[in-house]
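A quick write-up on the structure given underneath.
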Amino acid sequence: MKIYGFPVDEAGRCVHYHGETDIVSIKFKCCNRYYPCYKCHDESTEHERQLWPREEFNEKAILCGVCRHELTINEYLQHRNCPKCEAAFNPKCANHYDRYFEMT
């Protein structure tokens, strides 16, 4: 899977978020492309972000940068680690869920 934006390493860490656990890329509903973060998306495109609606949370839209396993949004929201390779996901990403997913 190709990761768009400004990744700085093979795990998809970007110039905005590049900590040890910043290994998740998200497929944006609006363009069907994986980006490491909403900032990379916004700086790389000329369209507005669209949130994933709750009824589509079973879509595979999350990519583990370590093993390239795709998770559904529901799987991602329920796990703190990749279910395939056990790599830890950044728990602080939860602070930004509302920029990707319909949370209300």
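Quick note on naming: the chains in the structure tokens go A, B, ... in the order shown, residues restart at 1 in each chain, and ligands are numbered from 1 in order of appearance.
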### Task
Return as a list in words the full set of residues in region 10-69 of chain A whose backbone-based DSSP assignment is strand (DSSP E).
Val24, Ser25, Ile26, Lys27, Tyr34, Tyr35, Lys60, Ala61, Ile62, Leu63 and Cys64 of chain A
Those same residues - N, CA and C atoms - I'd like them written as a compact mmCIF listing (two decimals), in the first residue's frame.
```txt
# COMPACT_ATOMS: atom_id res chain seq x y z
N VAL A 24 0.57 4.31 12.35
CA VAL A 24 -0.73 4.08 11.71
C VAL A 24 -0.94 5.10 10.59
N SER A 25 -1.36 4.61 9.44
CA SER A 25 -1.81 5.49 8.36
C SER A 25 -3.30 5.24 8.16
N ILE A 26 -4.00 6.29 7.77
CA ILE A 26 -5.44 6.21 7.63
C ILE A 26 -5.85 6.47 6.19
N LYS A 27 -6.71 5.60 5.67
CA LYS A 27 -7.27 5.81 4.32
C LYS A 27 -8.38 6.84 4.46
N TYR A 34 -4.12 6.44 1.56
CA TYR A 34 -3.56 6.40 2.91
C TYR A 34 -2.63 7.59 3.13
N TYR A 35 -2.81 8.25 4.29
CA TYR A 35 -1.94 9.32 4.75
C TYR A 35 -1.57 9.04 6.19
N LYS A 60 -12.05 -1.50 5.74
CA LYS A 60 -10.62 -1.52 6.02
C LYS A 60 -10.06 -0.16 5.61
N ALA A 61 -9.64 0.60 6.60
CA ALA A 61 -9.18 1.97 6.35
C ALA A 61 -7.99 2.35 7.23
N ILE A 62 -7.39 1.37 7.90
CA ILE A 62 -6.26 1.63 8.78
C ILE A 62 -5.12 0.70 8.37
N LEU A 63 -3.92 1.26 8.26
CA LEU A 63 -2.76 0.49 7.83
C LEU A 63 -1.68 0.53 8.91
N CYS A 64 -1.26 -0.65 9.34
CA CYS A 64 -0.13 -0.74 10.27
C CYS A 64 1.14 -0.52 9.46
```
### Message
For region 89-92 of chain A, find every residue with an atom within 6 Å (counting only C-alpha atoms), except residues of its own chain fewer than 6 positions away, and show them as a ChimeraX atom specification.
### Response
/A:21-22,80-81
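Near Glu43 (chain A), within a cut-off of 12 Å and counting only C-alpha atoms, sit the residues Tyr4, Gly5, Phe6, Val15, His16, Tyr35, Pro36, Cys37 and Arg49 of chain A, with same-chain residues fewer than 6 positions away left out.
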Write a file of the selected residues as a PDB file, in the first residue's frame, keeping N, CA, C and O atoms.
```
ATOM      1  N   TYR A   4       0.719   8.274   1.165  1.00  0.00           N
ATOM      2  CA  TYR A   4       0.929   9.598   0.588  1.00  0.00           C
ATOM      3  C   TYR A   4       1.267  10.598   1.693  1.00  0.00           C
ATOM      4  O   TYR A   4       1.165  10.285   2.867  1.00  0.00           O
ATOM      5  N   GLY A   5       1.644  11.788   1.296  1.00  0.00           N
ATOM      6  CA  GLY A   5       1.962  12.812   2.275  1.00  0.00           C
ATOM      7  C   GLY A   5       3.456  12.942   2.436  1.00  0.00           C
ATOM      8  O   GLY A   5       4.211  12.843   1.471  1.00  0.00           O
ATOM      9  N   PHE A   6       3.881  13.126   3.673  1.00  0.00           N
ATOM     10  CA  PHE A   6       5.285  13.393   3.946  1.00  0.00           C
ATOM     11  C   PHE A   6       5.864  12.391   4.940  1.00  0.00           C
ATOM     12  O   PHE A   6       6.370  12.776   5.999  1.00  0.00           O
ATOM     13  N   VAL A  15       6.475  13.923   9.005  1.00  0.00           N
ATOM     14  CA  VAL A  15       7.135  15.096   9.572  1.00  0.00           C
ATOM     15  C   VAL A  15       6.351  15.679  10.744  1.00  0.00           C
ATOM     16  O   VAL A  15       6.925  16.350  11.593  1.00  0.00           O
ATOM     17  N   HIS A  16       5.063  15.403  10.813  1.00  0.00           N
ATOM     18  CA  HIS A  16       4.221  15.939  11.885  1.00  0.00           C
ATOM     19  C   HIS A  16       4.206  15.038  13.124  1.00  0.00           C
ATOM     20  O   HIS A  16       4.173  15.522  14.246  1.00  0.00           O
ATOM     21  N   TYR A  35      -2.809   8.249   4.288  1.00  0.00           N
ATOM     22  CA  TYR A  35      -1.937   9.321   4.747  1.00  0.00           C
ATOM     23  C   TYR A  35      -1.566   9.040   6.193  1.00  0.00           C
ATOM     24  O   TYR A  35      -2.372   8.482   6.947  1.00  0.00           O
ATOM     25  N   PRO A  36      -0.393   9.460   6.639  1.00  0.00           N
ATOM     26  CA  PRO A  36       0.004   9.253   8.033  1.00  0.00           C
ATOM     27  C   PRO A  36      -0.822  10.080   9.017  1.00  0.00           C
ATOM     28  O   PRO A  36      -0.978   9.677  10.163  1.00  0.00           O
ATOM     29  N   CYS A  37      -1.330  11.232   8.553  1.00  0.00           N
ATOM     30  CA  CYS A  37      -2.095  12.079   9.457  1.00  0.00           C
ATOM     31  C   CYS A  37      -2.941  13.066   8.665  1.00  0.00           C
ATOM     32  O   CYS A  37      -2.758  13.236   7.461  1.00  0.00           O
ATOM     33  N   ARG A  49     -11.331  17.268   3.842  1.00  0.00           N
ATOM     34  CA  ARG A  49     -11.419  15.934   4.430  1.00  0.00           C
ATOM     35  C   ARG A  49     -12.872  15.545   4.630  1.00  0.00           C
ATOM     36  O   ARG A  49     -13.694  16.379   4.974  1.00  0.00           O
TER      37      ARG A  49
END
```
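Of the residues listed (A:Glu59, A:Gly12, A:Glu86, A:Tyr17), A:Tyr17 shows the shortest atom-to-atom separation from Lys39 (chain A); distances use only C-alpha atoms.
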### Residues of region 66-102 of chain A in alpha helix (DSSP H), written as a list in words
Ile73, Asn74, Glu75, Tyr76, Leu77 and Gln78 of chain A
Residues of the last selection are to be written out with N, CA and C atoms, as a CSV table (one decimal), in the first residue's frame.
```csv
chain,number,residue,atom,x,y,z
A,73,ILE,N,-11.9,0.1,10.7
A,73,ILE,CA,-12.0,1.2,11.7
A,73,ILE,C,-12.4,0.7,13.0
A,74,ASN,N,-13.4,-0.2,13.1
A,74,ASN,CA,-13.8,-0.8,14.4
A,74,ASN,C,-12.6,-1.5,15.0
A,75,GLU,N,-11.9,-2.3,14.3
A,75,GLU,CA,-10.7,-3.0,14.8
A,75,GLU,C,-9.7,-2.0,15.5
A,76,TYR,N,-9.5,-1.0,14.7
A,76,TYR,CA,-8.5,0.0,15.2
A,76,TYR,C,-9.0,0.7,16.4
A,77,LEU,N,-10.2,1.0,16.5
A,77,LEU,CA,-10.8,1.7,17.7
A,77,LEU,C,-10.8,0.8,18.9
A,78,GLN,N,-10.7,-0.5,18.7
A,78,GLN,CA,-10.8,-1.4,19.8
A,78,GLN,C,-9.4,-2.0,20.2
```
### Message
Let me make sure I understand: among A:Phe28, A:Glu46, A:Arg33, A:Cys85, which one has the smallest atom-to-atom distance to Ile3 (chain A) if we use only C-alpha atoms?
### Response
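Nearest candidate to Ile3 (chain A) out of A:Phe28, A:Glu46, A:Arg33, A:Cys85: A:Arg33.
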### Query
With distances taken over only C-alpha atoms, which of A:Gln50, A:Asn95, A:Asn58, A:Thr45 is nearest to Cys30 (chain A)?
A:Gln50
### Query
Between A:Val8, A:Thr72, A:His41, A:His96, which has the minimum distance to Arg54 (chain A) (counting only C-alpha atoms)?
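Comparing A:Val8, A:Thr72, A:His41, A:His96 against Arg54 (chain A), the winner is A:Thr72.
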Quick one: residues within 8 Å of Val66 (chain A), only C-alpha atoms, excluding same-chain residues fewer than 2 positions away - as a CSV table (one decimal) with C-alpha atoms, in the first residue's frame?
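Resulting contents of part20.csv:
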```csv
chain,number,residue,atom,x,y,z
A,10,GLU,CA,9.3,3.0,6.0
A,11,ALA,CA,6.7,2.7,8.8
A,23,ILE,CA,2.9,3.9,12.8
A,64,CYS,CA,-0.1,-0.7,10.3
A,68,ARG,CA,1.2,-3.4,6.4
A,85,CYS,CA,2.3,-8.1,14.5
A,87,ALA,CA,3.2,-3.3,17.2
```
### Task
Grab the CA of His69 (chain A) to CA of Asp42 (chain A) distance for me, in Å with one decimal place.
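So the answer is 24.3 Å.
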